[in-house]
Amino acid sequence: MSNRNSQQNKQAARERLRAERERQAKKDRMRRQLFVGGAVVAVLAIAGGIGYAVTSMNSDDANQKWRTAAEKKTFAKPANATGPQGTTVVIGDKKAKNTLHVYEDMRCPVCAQFEKFTGPTVLKDIKDGTYKAQFTMGTFLDDNKQMPGAGSKNALSALGAALNVSPQAFMDYKEALYAPKNHPQETDDAFANDQKLIDVAQQVKELKGNTAFEKAVKNGTYDRWALAMSKSFNDTKDVDSTPSFKMNGKKLLVGQNPPMTPDQFTPLVKQNLKK
């Protein structure tokens with residue numbers, strides 16, 4: 001009896017020891033998991049905080065730049081622009097009796113689609129003298145609370161620097177900025193970066209290696225002009241989206257979506273041409 005009890009006690013002791021080891025191992029595993037999980041959460045929190053901080057910093061820097069631009073005493077108007085503040089930009093034969101007025105925003109993805117599909121038709125019509133084109137550029141996408149930024153204003157300022165070179169440089173640069181390989185997603189404020197704008201300009205004959213143009217972009221020479229142009233867009237009460245079009249002052253009624261193809265766009269234009 002005594003021997004059997006002793007064996008049973010030893011077996012029981014071994015079972016208790018094994019169970020205790022398993023419980024301890026389980027606690028150790030849980031502790032390691034909690035530690036790793038906590039570390040991951042901490043890293044994510046830090047990364048998120050850094051991302052938020054960087055975004056906020058970039059936004060604050062951009063806002064400060066444009067607040068400073070609005071307070072500048074000097075106002076530079078691009079050559080090849082007319083009007084009191086140089087916000088009238090007309091491309092083509094000034095004697096053409098028809099005028100197509102185009103309203104765009106440089107961050108606008110639908111504008112980029114229009115330029116891709118119908119831009120060549122517009123350029124041909126301007127060259128043929130069917131009409132001259134007037135451009136009024138807005139920057140309202142920069143003020144969108146869901147995707148705020150400064151890309152519309154910055155790209156417009158760079159367009160002013162291109163217009164100062166020549167009307168052809170203005171048109172070629174606008175085409176390059178809207179090109180699929182260069183135009184960012186609407187949520188990507190890539191055009192807020194001066195170097196991005198200068199890099200795209202290397203694809204334009206008159207702007208490639210043009211130090212005067214690059215200096216104007218970096219110095220924000222035409223920042224105030226961009227703000228004035230944006231105000232001109234905002235003051236146009238019957239235009240609230242981009243792209244929008246008027247032929248000889250009459251708004252082209254294009255429904256919910258602007259015409260994207262020449263087959264859709266050309267008939268609307270022809271209907272409103274002066275005979």
# chains A, B, ... in the order shown; residues from 1 in each chain; ligands from 1
>>> select_by_dssp(residues="range 106-249 of chain A", states="strand (DSSP E or B)", output="list in words")
Lys132, Ala133, Gln134, Phe135, Thr136, Met137, Gly138, Ser244, Phe245, Lys246 and Met247 of chain A
>>> select_by_dssp(residues="range 127-272 of chain A", states="alpha helix (DSSP H)", output="NGL selection string")
:A and (127-128 or 151-165 or 167-178 or 194-201 or 211-219 or 223-234 or 262-271)
>>> residues_around(residues="range 67-69 of chain A", least_positions_apart="2", cutoff="6 Å", atoms="only C-alpha atoms", output="ChimeraX atom specification")
/A:64-65,71-72,223-224
>>> write_last_selection(atoms="N, CA and C atoms", output="PDB file, in the first residue's frame")
ATOM      1  N   GLN A  64       0.818  78.768 -46.027  1.00  0.00           N
ATOM      2  CA  GLN A  64       1.628  79.929 -45.695  1.00  0.00           C
ATOM      3  C   GLN A  64       2.200  80.570 -46.957  1.00  0.00           C
ATOM      4  N   LYS A  65       2.642  79.726 -47.893  1.00  0.00           N
ATOM      5  CA  LYS A  65       3.190  80.238 -49.153  1.00  0.00           C
ATOM      6  C   LYS A  65       2.170  81.100 -49.867  1.00  0.00           C
ATOM      7  N   GLU A  71      -0.067  88.645 -50.117  1.00  0.00           N
ATOM      8  CA  GLU A  71       0.362  89.897 -49.482  1.00  0.00           C
ATOM      9  C   GLU A  71       1.512  90.582 -50.224  1.00  0.00           C
ATOM     10  N   LYS A  72       2.004  89.928 -51.294  1.00  0.00           N
ATOM     11  CA  LYS A  72       3.108  90.524 -52.049  1.00  0.00           C
ATOM     12  C   LYS A  72       2.698  91.881 -52.630  1.00  0.00           C
ATOM     13  N   ASP A 223       2.710  83.859 -58.733  1.00  0.00           N
ATOM     14  CA  ASP A 223       1.768  83.381 -57.715  1.00  0.00           C
ATOM     15  C   ASP A 223       0.581  84.328 -57.564  1.00  0.00           C
ATOM     16  N   ARG A 224       0.833  85.608 -57.485  1.00  0.00           N
ATOM     17  CA  ARG A 224      -0.260  86.575 -57.327  1.00  0.00           C
ATOM     18  C   ARG A 224      -1.136  86.582 -58.567  1.00  0.00           C
TER      19      ARG A 224
END
>>> residues_around(residues="range 142-147 of chain A", least_positions_apart="3", cutoff="6 Å", atoms="only C-alpha atoms", output="list in words")
Thr139, Ala150 and Thr187 of chain A
>>> write_last_selection(atoms="N, CA, C and O atoms", output="PDB file, in the first residue's frame")
ATOM      1  N   THR A 139      -8.962  77.227 -59.294  1.00  0.00           N
ATOM      2  CA  THR A 139      -8.142  76.463 -58.330  1.00  0.00           C
ATOM      3  C   THR A 139      -9.012  75.931 -57.189  1.00  0.00           C
ATOM      4  O   THR A 139      -8.528  75.695 -56.087  1.00  0.00           O
ATOM      5  N   ALA A 150      -2.381  72.548 -52.782  1.00  0.00           N
ATOM      6  CA  ALA A 150      -1.960  73.770 -53.454  1.00  0.00           C
ATOM      7  C   ALA A 150      -1.566  73.503 -54.903  1.00  0.00           C
ATOM      8  O   ALA A 150      -1.055  74.382 -55.573  1.00  0.00           O
ATOM      9  N   THR A 187      -6.561  63.076 -55.866  1.00  0.00           N
ATOM     10  CA  THR A 187      -6.234  63.102 -54.438  1.00  0.00           C
ATOM     11  C   THR A 187      -4.742  63.318 -54.180  1.00  0.00           C
ATOM     12  O   THR A 187      -4.334  63.488 -53.032  1.00  0.00           O
TER      13      THR A 187
END
>>> residues_around(residues="Tyr173 in chain A", least_positions_apart="4", cutoff="8 Å", atoms="only C-alpha atoms", output="PyMOL selection string")
chain A and resi 159+162+169+177+200-201+204
>>> residues_around(residues="Gln185 in chain A", least_positions_apart="5", cutoff="9 Å", atoms="only C-alpha atoms", output="list of chain:residue names")
A:Arg107, A:Cys108, A:Pro109, A:Ala190
>>> atom_distance(atom1="CA of Lys251 in chain A", atom2="CA of Val239 in chain A")
8.6 Å
>>> residues_around(residues="Lys250 in chain A", least_positions_apart="4", cutoff="9 Å", atoms="only C-alpha atoms", output="count of residues only")
3
>>> closest_residue(among="A:Thr261, A:Asn154, A:Asn182, A:Asn219", to="Asp199 in chain A", atoms="only C-alpha atoms")
A:Asn182
>>> closest_residue(among="A:Gln271, A:Ser232, A:Ser152, A:Thr121", to="Leu253 in chain A", atoms="only C-alpha atoms")
A:Gln271
>>> closest_residue(among="A:Lys124, A:Lys153, A:Lys132, A:Lys270", to="Ile91 in chain A", atoms="only C-alpha atoms")
A:Lys132
>>> closest_residue(among="A:Lys95, A:Ser230, A:Leu207, A:Pro78", to="Phe140 in chain A", atoms="only C-alpha atoms")
A:Ser230
>>> closest_residue(among="A:Lys231, A:Thr87, A:Glu186, A:Asp172", to="Gln202 in chain A", atoms="only C-alpha atoms")
A:Asp172
